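Structure file work.pdb with PDB, C-alpha atoms:
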```
ATOM      1  CA  MET A   1       0.000   0.000   0.000
ATOM      2  CA  GLY A   2       2.812   2.414   0.903
ATOM      3  CA  LYS A   3       4.540   1.767  -2.411
ATOM      4  CA  MET A   4       1.311   2.323  -4.371
ATOM      5  CA  LYS A   5       0.661   5.562  -2.492
ATOM      6  CA  LYS A   6       4.206   6.758  -3.226
ATOM      7  CA  ASN A   7       3.806   5.951  -6.926
ATOM      8  CA  LYS A   8       0.477   7.781  -7.016
ATOM      9  CA  ILE A   9       2.039  10.876  -5.459
ATOM     10  CA  SER A  10       4.916  10.706  -7.946
ATOM     11  CA  TYR A  11       2.534  10.626 -10.901
ATOM     12  CA  LEU A  12       0.468  13.491  -9.477
ATOM     13  CA  LEU A  13       3.593  15.620  -9.121
ATOM     14  CA  LEU A  14       4.668  14.760 -12.655
ATOM     15  CA  ASP A  15       1.260  15.581 -14.125
ATOM     16  CA  TYR A  16       0.335  18.602 -12.036
ATOM     17  CA  GLY A  17       3.680  19.960 -10.849
ATOM     18  CA  LEU A  18       3.494  22.973 -13.161
ATOM     19  CA  LEU A  19       0.006  23.877 -11.965
ATOM     20  CA  LEU A  20       1.171  23.615  -8.355
ATOM     21  CA  ALA A  21       4.129  25.884  -9.178
ATOM     22  CA  LEU A  22       1.733  28.450 -10.675
ATOM     23  CA  LEU A  23      -0.488  28.367  -7.612
ATOM     24  CA  LEU A  24       2.551  28.705  -5.349
ATOM     25  CA  ILE A  25       3.770  31.801  -7.222
ATOM     26  CA  ILE A  26       0.305  33.372  -7.006
ATOM     27  CA  VAL A  27      -0.064  32.672  -3.286
ATOM     28  CA  VAL A  28       3.411  33.922  -2.336
ATOM     29  CA  VAL A  29       3.252  37.141  -4.358
ATOM     30  CA  SER A  30      -0.349  37.776  -3.258
ATOM     31  CA  PHE A  31       0.896  38.044   0.329
ATOM     32  CA  ILE A  32       3.569  40.519  -0.749
ATOM     33  CA  SER A  33       1.357  42.673  -2.990
ATOM     34  CA  GLU A  34      -2.408  42.970  -2.581
ATOM     35  CA  ASN A  35      -2.753  44.171  -6.184
ATOM     36  CA  PHE A  36      -1.172  41.069  -7.698
ATOM     37  CA  PHE A  37      -4.250  38.846  -7.508
ATOM     38  CA  SER A  38      -6.635  41.574  -8.619
ATOM     39  CA  THR A  39      -8.855  41.026 -11.648
ATOM     40  CA  ASN A  40      -7.207  43.888 -13.506
ATOM     41  CA  ASN A  41      -3.724  42.442 -13.000
ATOM     42  CA  MET A  42      -4.785  38.925 -14.011
ATOM     43  CA  LEU A  43      -6.356  40.308 -17.206
ATOM     44  CA  ASN A  44      -3.232  42.366 -17.808
ATOM     45  CA  ILE A  45      -1.093  39.234 -17.569
ATOM     46  CA  LEU A  46      -3.293  37.413 -20.087
ATOM     47  CA  ARG A  47      -3.180  40.429 -22.384
ATOM     48  CA  GLN A  48       0.617  40.541 -22.155
ATOM     49  CA  VAL A  49       1.099  36.847 -22.914
ATOM     50  CA  SER A  50      -1.449  36.712 -25.742
ATOM     51  CA  VAL A  51       1.094  37.425 -28.502
ATOM     52  CA  THR A  52       3.601  34.855 -27.268
ATOM     53  CA  GLY A  53       0.726  32.503 -26.525
ATOM     54  CA  VAL A  54      -0.635  32.549 -30.075
ATOM     55  CA  MET A  55       2.868  31.856 -31.414
ATOM     56  CA  ALA A  56       3.354  29.060 -28.873
ATOM     57  CA  LEU A  57       0.150  27.325 -29.972
ATOM     58  CA  GLY A  58       1.461  27.005 -33.513
ATOM     59  CA  VAL A  59       5.004  25.984 -32.659
ATOM     60  CA  SER A  60       3.786  23.420 -30.111
ATOM     61  CA  ILE A  61       2.220  21.417 -32.941
ATOM     62  CA  VAL A  62       5.511  21.575 -34.828
ATOM     63  CA  ILE A  63       7.420  20.350 -31.772
ATOM     64  CA  ILE A  64       4.912  17.580 -31.039
ATOM     65  CA  ALA A  65       5.552  16.353 -34.594
ATOM     66  CA  GLY A  66       9.284  16.196 -33.808
ATOM     67  CA  HIS A  67      10.359  19.348 -35.655
ATOM     68  CA  MET A  68      11.408  22.891 -34.756
ATOM     69  CA  ASP A  69      10.539  26.333 -36.161
ATOM     70  CA  LEU A  70      12.886  29.232 -35.427
ATOM     71  CA  SER A  71      11.455  31.477 -38.142
ATOM     72  CA  ILE A  72       8.276  32.508 -36.293
ATOM     73  CA  GLY A  73       9.894  35.602 -34.744
ATOM     74  CA  SER A  74      10.829  36.981 -38.155
ATOM     75  CA  ILE A  75       7.396  36.052 -39.509
ATOM     76  CA  LEU A  76       5.858  38.136 -36.711
ATOM     77  CA  SER A  77       7.966  41.130 -37.781
ATOM     78  CA  LEU A  78       7.067  40.622 -41.441
ATOM     79  CA  SER A  79       3.323  40.358 -40.821
ATOM     80  CA  GLY A  80       3.356  43.480 -38.666
ATOM     81  CA  VAL A  81       5.097  45.440 -41.414
ATOM     82  CA  VAL A  82       2.667  44.115 -44.049
ATOM     83  CA  VAL A  83      -0.491  45.022 -42.150
ATOM     84  CA  MET A  84       0.808  48.414 -40.991
ATOM     85  CA  THR A  85       1.871  49.334 -44.532
ATOM     86  CA  MET A  86      -1.558  48.465 -45.906
ATOM     87  CA  VAL A  87      -3.295  50.390 -43.135
ATOM     88  CA  ASN A  88      -1.136  53.508 -43.429
ATOM     89  CA  ASP A  89      -0.692  53.739 -47.196
ATOM     90  CA  TYR A  90      -3.993  52.369 -48.449
ATOM     91  CA  SER A  91      -6.388  52.514 -45.440
ATOM     92  CA  MET A  92      -7.185  48.836 -46.051
ATOM     93  CA  ASP A  93      -7.360  47.305 -42.587
ATOM     94  CA  GLY A  94      -9.222  44.114 -43.461
ATOM     95  CA  VAL A  95      -7.144  43.410 -46.552
ATOM     96  CA  GLY A  96      -3.982  44.229 -44.599
ATOM     97  CA  VAL A  97      -4.845  41.727 -41.883
ATOM     98  CA  LEU A  98      -5.578  39.024 -44.467
ATOM     99  CA  MET A  99      -2.334  39.780 -46.298
ATOM    100  CA  ALA A 100      -0.369  39.587 -43.041
ATOM    101  CA  LEU A 101      -1.915  36.216 -42.200
ATOM    102  CA  GLY A 102      -1.271  35.063 -45.767
ATOM    103  CA  ALA A 103       2.364  36.174 -45.580
ATOM    104  CA  GLY A 104       2.851  34.151 -42.407
ATOM    105  CA  ALA A 105       1.224  31.072 -43.895
ATOM    106  CA  ALA A 106       3.252  31.490 -47.102
ATOM    107  CA  VAL A 107       6.566  31.499 -45.240
ATOM    108  CA  GLY A 108       5.378  28.451 -43.311
ATOM    109  CA  LEU A 109       4.503  26.775 -46.609
ATOM    110  CA  ILE A 110       8.005  27.402 -47.930
ATOM    111  CA  ASN A 111       9.485  25.993 -44.726
ATOM    112  CA  GLY A 112       7.259  22.930 -44.886
ATOM    113  CA  VAL A 113       7.895  22.162 -48.555
ATOM    114  CA  ILE A 114      11.678  22.393 -48.157
ATOM    115  CA  ILE A 115      11.746  20.334 -44.967
ATOM    116  CA  ALA A 116       9.361  17.696 -46.336
ATOM    117  CA  ALA A 117      11.508  17.395 -49.461
ATOM    118  CA  ILE A 118      14.818  16.851 -47.649
ATOM    119  CA  THR A 119      13.852  14.738 -44.643
ATOM    120  CA  GLY A 120      13.172  11.737 -46.864
ATOM    121  CA  LYS A 121      12.474   8.291 -45.541
ATOM    122  CA  LYS A 122      15.147   8.337 -42.855
ATOM    123  CA  ALA A 123      13.086  10.693 -40.675
ATOM    124  CA  ARG A 124      15.981  13.090 -40.102
ATOM    125  CA  THR A 125      13.860  15.794 -38.495
ATOM    126  CA  GLY A 126      16.861  17.784 -37.243
ATOM    127  CA  GLU A 127      17.043  19.592 -40.577
ATOM    128  CA  SER A 128      14.020  21.690 -39.608
ATOM    129  CA  PHE A 129      16.143  23.476 -37.012
ATOM    130  CA  ILE A 130      18.727  24.769 -39.482
ATOM    131  CA  ILE A 131      16.251  25.344 -42.340
ATOM    132  CA  THR A 132      13.999  27.543 -40.209
ATOM    133  CA  TYR A 133      17.038  29.300 -38.751
ATOM    134  CA  GLY A 134      18.091  30.176 -42.291
ATOM    135  CA  MET A 135      14.550  31.340 -43.085
ATOM    136  CA  GLN A 136      14.554  33.423 -39.915
ATOM    137  CA  THR A 137      17.663  35.251 -41.114
ATOM    138  CA  ALA A 138      16.367  35.700 -44.662
ATOM    139  CA  ILE A 139      12.967  37.052 -43.613
ATOM    140  CA  ALA A 140      14.548  39.361 -41.046
ATOM    141  CA  ALA A 141      16.883  40.766 -43.715
ATOM    142  CA  PHE A 142      14.029  41.156 -46.209
ATOM    143  CA  THR A 143      11.898  43.035 -43.671
ATOM    144  CA  LEU A 144      14.857  45.232 -42.809
ATOM    145  CA  LEU A 145      15.348  46.095 -46.492
ATOM    146  CA  VAL A 146      11.679  46.936 -46.948
ATOM    147  CA  THR A 147      11.520  49.219 -43.911
ATOM    148  CA  ASN A 148      15.098  50.550 -44.084
ATOM    149  CA  GLY A 149      15.228  49.812 -40.360
ATOM    150  CA  VAL A 150      12.638  52.511 -39.640
ATOM    151  CA  TYR A 151       9.692  52.031 -37.287
ATOM    152  CA  ILE A 152       6.316  52.289 -39.015
ATOM    153  CA  ASN A 153       3.966  54.197 -36.737
ATOM    154  CA  GLY A 154       0.282  53.510 -37.276
ATOM    155  CA  LYS A 155      -2.342  56.148 -37.946
ATOM    156  CA  GLY A 156      -4.907  54.259 -35.867
ATOM    157  CA  GLY A 157      -8.663  54.567 -35.865
ATOM    158  CA  GLY A 158      -9.500  51.575 -38.060
ATOM    159  CA  PHE A 159     -10.401  47.911 -37.616
ATOM    160  CA  HIS A 160      -6.785  46.862 -37.186
ATOM    161  CA  SER A 161      -6.208  49.279 -34.303
ATOM    162  CA  GLN A 162      -8.824  47.472 -32.201
ATOM    163  CA  ILE A 163      -7.469  43.926 -32.532
ATOM    164  CA  GLY A 164      -4.758  44.413 -29.922
ATOM    165  CA  LYS A 165      -6.824  46.498 -27.522
ATOM    166  CA  GLY A 166      -9.081  45.657 -24.583
ATOM    167  CA  MET A 167     -10.184  42.044 -24.309
ATOM    168  CA  TRP A 168      -9.584  41.150 -27.957
ATOM    169  CA  PRO A 169      -6.049  39.711 -27.532
ATOM    170  CA  ILE A 170      -7.306  37.482 -24.711
ATOM    171  CA  ILE A 171     -10.369  36.394 -26.703
ATOM    172  CA  ILE A 172      -8.208  35.543 -29.719
ATOM    173  CA  PHE A 173      -5.673  33.602 -27.627
ATOM    174  CA  VAL A 174      -8.310  31.640 -25.697
ATOM    175  CA  GLY A 175     -10.342  30.995 -28.861
ATOM    176  CA  MET A 176      -7.268  29.736 -30.727
ATOM    177  CA  ALA A 177      -6.315  27.540 -27.752
ATOM    178  CA  ILE A 178      -9.759  25.913 -27.745
ATOM    179  CA  VAL A 179      -9.676  25.300 -31.503
ATOM    180  CA  PHE A 180      -6.166  23.842 -31.351
ATOM    181  CA  TYR A 181      -7.023  21.685 -28.337
ATOM    182  CA  LEU A 182      -9.948  20.167 -30.234
ATOM    183  CA  LEU A 183      -7.800  19.787 -33.350
ATOM    184  CA  MET A 184      -5.066  17.890 -31.519
ATOM    185  CA  ASN A 185      -7.261  15.786 -29.233
ATOM    186  CA  LYS A 186     -10.472  15.146 -31.106
ATOM    187  CA  THR A 187      -9.506  14.796 -34.761
ATOM    188  CA  PRO A 188      -7.567  12.273 -36.883
ATOM    189  CA  PHE A 189      -5.200  15.118 -37.828
ATOM    190  CA  GLY A 190      -4.090  15.596 -34.227
ATOM    191  CA  ARG A 191      -3.720  11.885 -33.549
ATOM    192  CA  THR A 192      -1.612  11.546 -36.702
ATOM    193  CA  ILE A 193       0.688  14.374 -35.566
ATOM    194  CA  TYR A 194       1.312  12.544 -32.282
ATOM    195  CA  PHE A 195       1.914   9.313 -34.216
ATOM    196  CA  ILE A 196       4.496  11.022 -36.431
ATOM    197  CA  GLY A 197       6.197  12.624 -33.441
ATOM    198  CA  ASN A 198       6.421   9.307 -31.612
ATOM    199  CA  ASN A 199       7.668   7.207 -34.512
ATOM    200  CA  GLU A 200       7.910   8.760 -37.964
ATOM    201  CA  PRO A 201       9.269   5.620 -39.709
ATOM    202  CA  ALA A 202       6.321   3.629 -38.346
ATOM    203  CA  ALA A 203       3.942   6.347 -39.534
ATOM    204  CA  ARG A 204       5.428   6.114 -43.027
ATOM    205  CA  MET A 205       5.128   2.322 -43.023
ATOM    206  CA  SER A 206       1.478   2.676 -41.944
ATOM    207  CA  GLY A 207       0.738   4.698 -45.046
ATOM    208  CA  VAL A 208       0.644   8.145 -43.449
ATOM    209  CA  ASN A 209       1.467  10.939 -45.899
ATOM    210  CA  VAL A 210       4.194  12.411 -43.713
ATOM    211  CA  LYS A 211       5.155  15.047 -46.275
ATOM    212  CA  PHE A 212       1.621  16.471 -46.270
ATOM    213  CA  TYR A 213       1.502  16.699 -42.481
ATOM    214  CA  THR A 214       4.974  18.213 -42.385
ATOM    215  CA  VAL A 215       3.890  20.994 -44.726
ATOM    216  CA  ALA A 216       0.630  21.458 -42.806
ATOM    217  CA  ILE A 217       2.235  21.954 -39.394
ATOM    218  CA  PHE A 218       4.618  24.619 -40.691
ATOM    219  CA  VAL A 219       1.779  26.444 -42.444
ATOM    220  CA  ILE A 220      -0.117  26.438 -39.131
ATOM    221  CA  ALA A 221       2.928  27.761 -37.258
ATOM    222  CA  GLY A 222       3.442  30.487 -39.884
ATOM    223  CA  PHE A 223      -0.219  31.489 -39.725
ATOM    224  CA  CYS A 224      -0.079  31.741 -35.922
ATOM    225  CA  ALA A 225       3.079  33.872 -36.086
ATOM    226  CA  GLY A 226       1.358  36.100 -38.649
ATOM    227  CA  LEU A 227      -1.641  36.494 -36.356
ATOM    228  CA  ALA A 228       0.682  37.315 -33.447
ATOM    229  CA  GLY A 229       2.260  40.034 -35.597
ATOM    230  CA  VAL A 230      -1.160  41.530 -36.326
ATOM    231  CA  ILE A 231      -2.042  41.579 -32.614
ATOM    232  CA  LEU A 232       1.293  43.087 -31.557
ATOM    233  CA  SER A 233       1.306  45.782 -34.234
ATOM    234  CA  SER A 234      -2.222  46.742 -33.223
ATOM    235  CA  ARG A 235      -1.365  46.808 -29.548
ATOM    236  CA  VAL A 236       1.674  49.095 -29.881
ATOM    237  CA  ASN A 237       0.317  50.880 -32.987
ATOM    238  CA  ALA A 238       3.637  50.341 -34.757
ATOM    239  CA  ALA A 239       5.659  47.773 -36.679
ATOM    240  CA  SER A 240       9.353  47.203 -37.254
ATOM    241  CA  SER A 241      11.804  44.730 -38.711
ATOM    242  CA  THR A 242      12.971  43.804 -35.189
ATOM    243  CA  ALA A 243       9.589  43.491 -33.444
ATOM    244  CA  GLY A 244       9.799  39.698 -33.270
ATOM    245  CA  ASN A 245      13.475  39.378 -32.333
ATOM    246  CA  GLY A 246      13.798  36.737 -29.623
ATOM    247  CA  MET A 247      10.064  36.088 -29.408
ATOM    248  CA  GLU A 248      10.443  32.704 -31.070
ATOM    249  CA  LEU A 249      12.539  31.630 -28.086
ATOM    250  CA  ASP A 250       9.889  32.890 -25.647
ATOM    251  CA  ALA A 251       7.244  30.847 -27.470
ATOM    252  CA  ILE A 252       9.418  27.718 -27.565
ATOM    253  CA  ALA A 253      10.301  28.204 -23.892
ATOM    254  CA  ALA A 254       6.607  28.319 -22.993
ATOM    255  CA  VAL A 255       6.038  25.065 -24.890
ATOM    256  CA  VAL A 256       8.972  23.373 -23.124
ATOM    257  CA  VAL A 257       8.001  24.679 -19.686
ATOM    258  CA  GLY A 258       4.529  23.312 -20.375
ATOM    259  CA  GLY A 259       5.995  19.824 -20.672
ATOM    260  CA  THR A 260       6.093  19.225 -24.419
ATOM    261  CA  ALA A 261       9.159  17.135 -25.228
ATOM    262  CA  LEU A 262      11.548  18.469 -27.858
ATOM    263  CA  THR A 263      11.907  14.888 -29.110
ATOM    264  CA  GLY A 264       8.276  14.931 -30.239
ATOM    265  CA  GLY A 265       5.192  12.850 -29.598
ATOM    266  CA  LYS A 266       4.514  14.196 -26.116
ATOM    267  CA  GLY A 267       2.738  17.232 -24.742
ATOM    268  CA  GLY A 268      -0.391  19.120 -25.637
ATOM    269  CA  ILE A 269      -2.116  22.431 -26.177
ATOM    270  CA  GLY A 270      -3.414  22.589 -22.612
ATOM    271  CA  ARG A 271       0.111  22.250 -21.272
ATOM    272  CA  THR A 272       1.354  24.907 -23.680
ATOM    273  CA  VAL A 273      -1.289  27.349 -22.434
ATOM    274  CA  LEU A 274      -0.267  26.570 -18.856
ATOM    275  CA  GLY A 275       3.397  27.140 -19.739
ATOM    276  CA  VAL A 276       2.551  30.506 -21.318
ATOM    277  CA  VAL A 277       0.565  31.578 -18.247
ATOM    278  CA  VAL A 278       3.230  30.400 -15.788
ATOM    279  CA  LEU A 279       5.953  32.415 -17.522
ATOM    280  CA  GLY A 280       3.613  35.406 -17.759
ATOM    281  CA  VAL A 281       2.695  35.239 -14.076
ATOM    282  CA  LEU A 282       6.354  34.825 -13.146
ATOM    283  CA  GLN A 283       7.406  37.861 -15.193
ATOM    284  CA  ASN A 284       4.603  39.953 -13.713
ATOM    285  CA  ALA A 285       5.519  38.837 -10.192
ATOM    286  CA  LEU A 286       9.161  39.780 -10.730
ATOM    287  CA  HIS A 287       8.087  43.240 -11.921
ATOM    288  CA  ILE A 288       5.924  43.679  -8.831
ATOM    289  CA  LEU A 289       8.849  42.611  -6.636
ATOM    290  CA  ASN A 290      11.017  45.239  -8.416
ATOM    291  CA  VAL A 291      13.475  42.660  -9.723
ATOM    292  CA  THR A 292      15.650  44.312 -12.382
ATOM    293  CA  THR A 293      15.993  43.090 -15.974
ATOM    294  CA  TYR A 294      19.178  41.007 -15.781
ATOM    295  CA  PRO A 295      18.212  39.014 -12.669
ATOM    296  CA  GLN A 296      14.838  38.413 -14.350
ATOM    297  CA  MET A 297      16.631  36.924 -17.350
ATOM    298  CA  ILE A 298      18.704  34.693 -15.079
ATOM    299  CA  ILE A 299      15.609  33.457 -13.236
ATOM    300  CA  ARG A 300      13.631  32.826 -16.426
ATOM    301  CA  GLY A 301      16.583  31.028 -18.029
ATOM    302  CA  SER A 302      17.092  28.869 -14.951
ATOM    303  CA  ILE A 303      13.418  27.897 -14.925
ATOM    304  CA  ILE A 304      13.595  26.823 -18.565
ATOM    305  CA  VAL A 305      16.672  24.683 -17.865
ATOM    306  CA  LEU A 306      14.972  23.152 -14.825
ATOM    307  CA  ALA A 307      11.862  22.439 -16.903
ATOM    308  CA  VAL A 308      13.923  20.427 -19.394
ATOM    309  CA  LEU A 309      15.729  18.564 -16.612
ATOM    310  CA  PHE A 310      12.408  17.871 -14.898
ATOM    311  CA  ASP A 311      10.984  16.510 -18.141
ATOM    312  CA  VAL A 312      13.933  14.129 -18.514
ATOM    313  CA  LEU A 313      13.606  13.040 -14.867
ATOM    314  CA  ALA A 314       9.860  12.569 -15.260
ATOM    315  CA  GLY A 315      10.422  10.285 -18.238
ATOM    316  CA  LYS A 316      12.869   8.159 -16.294
ATOM    317  CA  ILE A 317      10.535   7.938 -13.300
ATOM    318  CA  LYS A 318       7.631   6.800 -15.455
ATOM    319  CA  GLU A 319       9.835   4.212 -17.137
ATOM    320  CA  LYS A 320      10.612   2.796 -13.693
ATOM    321  CA  GLY A 321       6.955   2.683 -12.743
ATOM    322  CA  GLY A 322       6.908   5.772 -10.530
ATOM    323  CA  LYS A 323       9.989   4.965  -8.473
ATOM    324  CA  VAL A 324      11.946   8.104  -7.592
TER
END
```

What would the structure in this file look like if it were written as structure tokens?
Amino acid sequence: MGKMKKNKISYLLLDYGLLLALLLIIVVVSFISENFFSTNNMLNILRQVSVTGVMALGVSIVIIAGHMDLSIGSILSLSGVVVMTMVNDYSMDGVGVLMALGAGAAVGLINGVIIAAITGKKARTGESFIITYGMQTAIAAFTLLVTNGVYINGKGGGFHSQIGKGMWPIIIFVGMAIVFYLLMNKTPFGRTIYFIGNNEPAARMSGVNVKFYTVAIFVIAGFCAGLAGVILSSRVNAASSTAGNGMELDAIAAVVVGGTALTGGKGGIGRTVLGVVVLGVLQNALHILNVTTYPQMIIRGSIIVLAVLFDVLAGKIKEKGGKV
């Protein structure tokens, strides 16, 4: 009985450790600052993480499939520049938003086609890392050439200016999370992505069109990055070639902290959302505690490293049947 109870506790900690960490942060900081747990601050946190969260939703599917996408930060910058240019120069908010989303999906399509073409039957998914890194550099340079490195300030007042204001970023993030959760858990598409992430050679032998799914996941990631660019440009009423610099790492970090394995086949949208919220709550708490920028970076980096180590430990514990 004692052994069974110990195993049960081990599994509970593995499955709900991140949620417990979130609750612990909230409780501790709530005692220090009475404003931390206020409705306004909680909504502010969700509003702040919405851009990273939308990006994380897309890249989590890529990672579950056993791939990586480093180009999403540059796609965010590109989509922001596209929509802001259309809004400022042509007063075409709706068309600008659609073009920005299309630009993101188009870059994702290019990524997917190249990666699907070179991975072949040996399931060498590591190529996606370097391919998307190259695309990240190319798109960043292209956006820099188009803008000449100058910030594009929005004129405001139209449809686009409202997307990043008020409750809309939260509504978009939550709505996308629900759609993606259903996609990954209730449809053949989602189950196939997990199958590919767990064992791509077996998926190929089972008749799965791996190339199609490879292209699809990168199109989804590109679309999400494009949407994130639209939200961010609306929120700050500006766009630039550097707006997305480093944001791809924030999105990937949220996915990893949420418990999605970089090896593929494990994780989920719910965990990604939790990872996004945990990092958002942590950052907000550090601001409230007046922790300066560099210590914040150290703390956030340490948490990401610990999350990876915890994931490895969790895998070993489960392999041993819950024995610590």

Exercise for the section: Would you mind reading off the distance between CA of Arg191 in chain A and CA of Gly53 in chain A, one decimal, in Å? Expected result: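 So the two atoms, CA of Arg191 in chain A and CA of Gly53 in chain A, lie 22.2 Å apart.
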
Practice task
Figure out the distance between CA of Val255 in chain A and CA of Leu306 in chain A, please, to one decimal in Å.
Solution key: 13.6 Å

Exercise for the section: Mind giving me the straight-line distance from CA of Leu109 in chain A to CA of Val219 in chain A in Å, one decimal? Expected result: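 CA of Val219 in chain A lies at a distance of 5.0 Å from CA of Leu109 in chain A.
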
Taking a cut-off of 12 Å and counting only C-alpha atoms, can you build a table that, for each residue of range 178-251 of chain A near range 134-144 of chain A, reports the nearest atom pair and how far apart they are in Å (one decimal), sorted by chain then residue number, as a tab-separated table?
```
residue	atom	partner	partner_atom	distance
A:Gly222	CA	A:Gln136	CA	11.5
A:Ala239	CA	A:Thr143	CA	10.5
A:Ser240	CA	A:Thr143	CA	8.1
A:Ser241	CA	A:Leu144	CA	5.1
A:Thr242	CA	A:Ala140	CA	7.5
A:Ala243	CA	A:Ala140	CA	10.0
A:Gly244	CA	A:Ala140	CA	9.1
A:Asn245	CA	A:Ala140	CA	8.8
A:Gly246	CA	A:Gln136	CA	10.8
A:Met247	CA	A:Gln136	CA	11.7
A:Glu248	CA	A:Gln136	CA	9.8
```

Exercise for the section: Run the PyMOL selection byres ((chain A and resi 268-283) around 9) against the file shown and list the residues it catches, as an NGL selection string. Expected result: :A and (18-19 or 21-22 or 25-26 or 42 or 45-46 or 48-50 or 52-53 or 56-57 or 60-61 or 64 or 174 or 177-178 or 180-181 or 184-185 or 250-251 or 253-260 or 266-267 or 284-288 or 296 or 300)

Box dimensions and centre (Å, one decimal) enclosing range 193-201 of chain A, axis-aligned, 3 Å extra per side, as AutoDock Vina command-line options:
```
--center_x 5.0 --center_y 10.0 --center_z -35.7 --size_x 14.6 --size_y 14.8 --size_z 14.1
```

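Residue neighbourhood of Val83 in chain A, excluding near-sequence residues (fewer than 3 positions): A:Ser79, A:Gly80, A:Met86, A:Val87, A:Asp93, A:Gly96, A:Val97, A:Met99, A:Ala100, A:Val230, at 8 Å, using only C-alpha atoms.
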
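Considering all atoms listed in the file, the residue among A:Leu43, A:Leu24, A:Leu313, A:Leu70 positioned nearest to Gly166 in chain A is A:Leu43.
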
Exercise for the section: Would you mind listing what lies within 6 Å of range 223-227 of chain A as a VMD selection string, with only C-alpha atoms counted and same-chain residues fewer than 2 positions away left out? Expected result: chain A and resid 54 to 55 58 72 75 to 76 79 100 to 101 104 to 105 220 to 221 229 to 230

Problem - Given only C-alpha atoms as the counted atoms, nearest of A:Gly156, A:Gly301, A:Gly102, A:Pro169 to Leu232 in chain A - result: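 The shortest atom-to-atom distance to Leu232 in chain A comes from A:Pro169.
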
Can you spit out range 181-192 of chain A with N, CA, C and O atoms, as a compact mmCIF listing (two decimals), in the first residue's frame, from the structure just given?
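Saved as decode37.txt:
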```txt
# COMPACT_ATOMS: atom_id res chain seq x y z
N TYR A 181 -6.84 22.82 -29.25
CA TYR A 181 -7.02 21.68 -28.34
C TYR A 181 -7.93 20.64 -28.99
O TYR A 181 -7.62 19.43 -28.96
N LEU A 182 -9.03 21.09 -29.56
CA LEU A 182 -9.95 20.17 -30.23
C LEU A 182 -9.28 19.52 -31.45
O LEU A 182 -9.46 18.32 -31.70
N LEU A 183 -8.49 20.31 -32.17
CA LEU A 183 -7.80 19.79 -33.35
C LEU A 183 -6.84 18.66 -32.97
O LEU A 183 -6.80 17.62 -33.64
N MET A 184 -6.10 18.86 -31.90
CA MET A 184 -5.07 17.89 -31.52
C MET A 184 -5.60 16.70 -30.72
O MET A 184 -4.96 15.65 -30.67
N ASN A 185 -6.75 16.85 -30.10
CA ASN A 185 -7.26 15.79 -29.23
C ASN A 185 -8.51 15.08 -29.74
O ASN A 185 -8.82 13.99 -29.28
N LYS A 186 -9.19 15.71 -30.68
CA LYS A 186 -10.47 15.15 -31.11
C LYS A 186 -10.55 14.85 -32.60
O LYS A 186 -11.61 14.46 -33.09
N THR A 187 -9.46 15.02 -33.32
CA THR A 187 -9.51 14.80 -34.76
C THR A 187 -8.42 13.82 -35.20
O THR A 187 -7.38 13.68 -34.53
N PRO A 188 -8.62 13.16 -36.34
CA PRO A 188 -7.57 12.27 -36.88
C PRO A 188 -6.27 13.04 -37.17
O PRO A 188 -5.18 12.46 -37.06
N PHE A 189 -6.39 14.31 -37.55
CA PHE A 189 -5.20 15.12 -37.83
C PHE A 189 -4.30 15.17 -36.60
O PHE A 189 -3.09 14.93 -36.69
N GLY A 190 -4.88 15.50 -35.45
CA GLY A 190 -4.09 15.60 -34.23
C GLY A 190 -3.47 14.28 -33.83
O GLY A 190 -2.28 14.22 -33.45
N ARG A 191 -4.25 13.21 -33.92
CA ARG A 191 -3.72 11.88 -33.55
C ARG A 191 -2.58 11.48 -34.48
O ARG A 191 -1.61 10.84 -34.04
N THR A 192 -2.68 11.86 -35.75
CA THR A 192 -1.61 11.55 -36.70
C THR A 192 -0.34 12.32 -36.38
O THR A 192 0.77 11.77 -36.50
```
